[in-house]
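Colleague: Have a look at this one.
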Amino acid sequence: MTAPHVPVLVVGAGPTGLTVATLLAQRGVECLLLDRWASIYPQPRAVHLDDEVYRILARLGLREEFAAISWPCHGLRLVDPSMRVLAELRRAGGTGRHGFPEATMFDQPELERLLRANLERHHTATLRGDIEVTRVTQDGAGPVRVDYTDRVSGAQGSVLADHVLGCDGANSLVRAAIGATMQDLHFEQRWLVVDVATDAELDEWEGVHQVCDPYRAATYMRIGRHRYRWEFQLRPHETVEDYRHIDQLHPLLRPWTRDIPSDALHVVRAAEYTFRAQLADHWRDRRVFLLGDAAHLTPPFVGQGLCAGIRDAANLAWKLAAVLDGSLPEQVLDSYEAERKPHARAMIRLAKLIGTAMTQGGDAGTLLRRIVVPRLARIPGLSRIVLDSETPPLHRSALVLGPRLRLRRRRLAGRLCPNGRFGDGRRLDEVTGGRFALVTIGPASPTVTAEARRRGGVCFAAPADSDLHRWLRRGRARAAVVRPDGTVLHAGRDPSGLCAALPHHGHEEES
Ligand SMILES: O=C(O)CCc1cccc(O)c1
């Protein structure tokens, strides 16, 4: 019997797998997700996402539902062991340039519940739990064969897929199948991660507290109305077994819980984690791709682990859908790794810098905390990330810079277009609806508008005096071509020239 065939098979139904499957399903792509667990892994893990990633959740249709389960985060503070503030990065709580709070906390199982329920609304996606993928094989350029075992019945099966997306985490089988290995970016520390539920009010600043202390670095943050997360670097002789009970944990928590009695604190879990920095040496082999923790691992000190996976999903999904429907050439898929890898590397570097500032001993550590930490925002390359909460531009991709574009045009290309508002109150993403867009200063000519439509895109004038208008002017541009994932493809002064750069994508837009 021949194996069934699907256009896309996703291995792993964590946040990255669920996001990429939903984005594909929104574009009508049939997608099968296989996960080794019967249902959501119940323990808390990731707790933070930024506004760029919140914007992706909104595109999935989860804006209100995520708002209801999340908690605003006021930013990040590096403090010394006596809680004196060394550096503080404050985040916009209302709406930043993407239309969402710049830093938001949540409970991962709750987020996964939303993502799963949302996926069920798409009939082109199927999720099967209790399925262990055992082998992924590519023979030449044909479809990929995926073998699996049903963990309940023990039955074995196979599926043929045009594309396989490995969202199967740090110990990825898909990564091994394409012969990729993790490059060590030289960071490895054992930490204790503690989640606590309490009705008591801790009355702390509601951002992330990073205690810089080479003896016992620590992190504290509120993640919900009644939920808190602590992380403590473990001493060489310690393990999680030393901290199973609240009375053992209490001395560590006391700088924040003060006189709250330990019986008012319920430990949801205490676990030992090894924080690592790793990047897969390649993220693709022909029809197989790696996303999320299968492709990169970061220490959690800037809360970017889950963000990176969801960014991978948003970057790849529209490209893959366009290749599958024949509207973009296969080579577009090369830009996935070219764009995402340097970005993931930059965020890992930032996390390592903060982690090193928190934990490094000796004169080097003292110097780092005294000289570098207070000036974090002035370090070239970091200032935008640190001060403006804007992640690095995608400059190395052929998909964001045409070969003939001059340097001064680079101000906007490769960056995310702000999710600005239009006159009717809608934001850019709602107006573009996942299509290519030409955003202009002043109305574009009827010819340009018609040409944008003919290419399957849309054309909009930024309202006078709006954020989008100011953003184009600051970038010395009169128009920008924005990709379906919100990244600026080209920007410049000639809307009709830019319109010609709009790829023929999707189907002609009806007015
Ligand atoms: O970027 C921010 O404002 C918060 C960063 C953060 C989030 C979660 C954990 C963590 O260690 C840092």
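Chain labels follow the order of the structure tokens: the first chain is A, the next B, and so on; residue numbering restarts at 1 in every chain, and ligands are counted from 1 in their shown order.
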Can I get the residues close to ligand 1 as a ChimeraX atom specification, where close means within 10 Å and we count only C-alpha atoms and all ligand atoms?
Modeller: /A:46-51,72-77,88-92,102-106,207-210,218-223,229-231,299-305,351,354-355,385-387,389
Colleague: Enumerate the residues of stretch 64-199 of chain A with a DSSP assignment of strand (DSSP E or B), computed from the backbone, and present them as a PyMOL selection string.
Modeller: chain A and resi 71-72+75-79+85-90+103-105+125-128+131-138+144-150+156-166+182-197
Colleague: Quick check, in Å to one decimal: how far apart do atom CA of A:Leu114 and atom CA of A:Val11 lie?
Modeller: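 Computing the Euclidean distance for atom CA of A:Leu114 and atom CA of A:Val11 yields 19.0 Å.
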Colleague: Work out how far atom CA of A:Gln183 is from atom CA of A:Glu112, in Å to one decimal.
Modeller: 28.7 Å
Colleague: May I ask for the distance between atom CA of A:Val211 and atom CA of A:Pro42, given in Å to one decimal place?
Modeller: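 Computed distance, atom CA of A:Val211 to atom CA of A:Pro42, equals 28.3 Å.
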Colleague: Can you work out which one of A:Trp191, A:Arg258, A:Gly179, A:Arg473 has the shortest atom-to-atom distance to A:Glu238, counting only C-alpha atoms?
Modeller: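 Comparing A:Trp191, A:Arg258, A:Gly179, A:Arg473 against A:Glu238, the winner is A:Trp191.
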Colleague: Write out as a list of chain:residue names the residues lying within 10 Å of A:Leu249, counting only C-alpha atoms and excluding same-chain residues fewer than 6 positions away.
Modeller: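 Using only C-alpha atoms, the neighbours found are A:Val194, A:Asp242, A:Tyr243, A:Ser262, A:Val267, A:Ala270.
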Colleague: Considering only C-alpha atoms, can you say which of A:Ala161, A:Arg116, A:Gly362, A:Cys499 comes closest to A:Ala450?
Modeller: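 Going through A:Ala161, A:Arg116, A:Gly362, A:Cys499 one by one, the smallest distance to A:Ala450 is for A:Cys499.
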Colleague: Could you give me, as a list in words, the residues within 7 Å of A:His505, counting only C-alpha atoms and dropping anything in the same chain fewer than 5 positions from it?
Modeller: Ala322, Ser327, Leu328, Arg455 and Gly456 of chain A
Colleague: Write out, as a CSV table (one decimal), in the first residue's frame, the residues just selected, with N, CA and C atoms.
Modeller:
chain,number,residue,atom,x,y,z
A,322,ALA,N,3.6,30.2,-0.8
A,322,ALA,CA,3.7,30.9,-2.2
A,322,ALA,C,4.4,29.9,-3.1
A,327,SER,N,3.2,30.7,-6.9
A,327,SER,CA,3.3,32.1,-7.2
A,327,SER,C,4.7,32.7,-7.0
A,328,LEU,N,5.5,32.0,-6.2
A,328,LEU,CA,6.9,32.4,-6.1
A,328,LEU,C,7.9,31.2,-6.4
A,455,ARG,N,-0.7,42.2,-9.3
A,455,ARG,CA,0.3,41.3,-8.8
A,455,ARG,C,-0.1,40.6,-7.5
A,456,GLY,N,-1.4,40.8,-7.2
A,456,GLY,CA,-1.9,40.1,-6.0
A,456,GLY,C,-1.6,40.8,-4.7
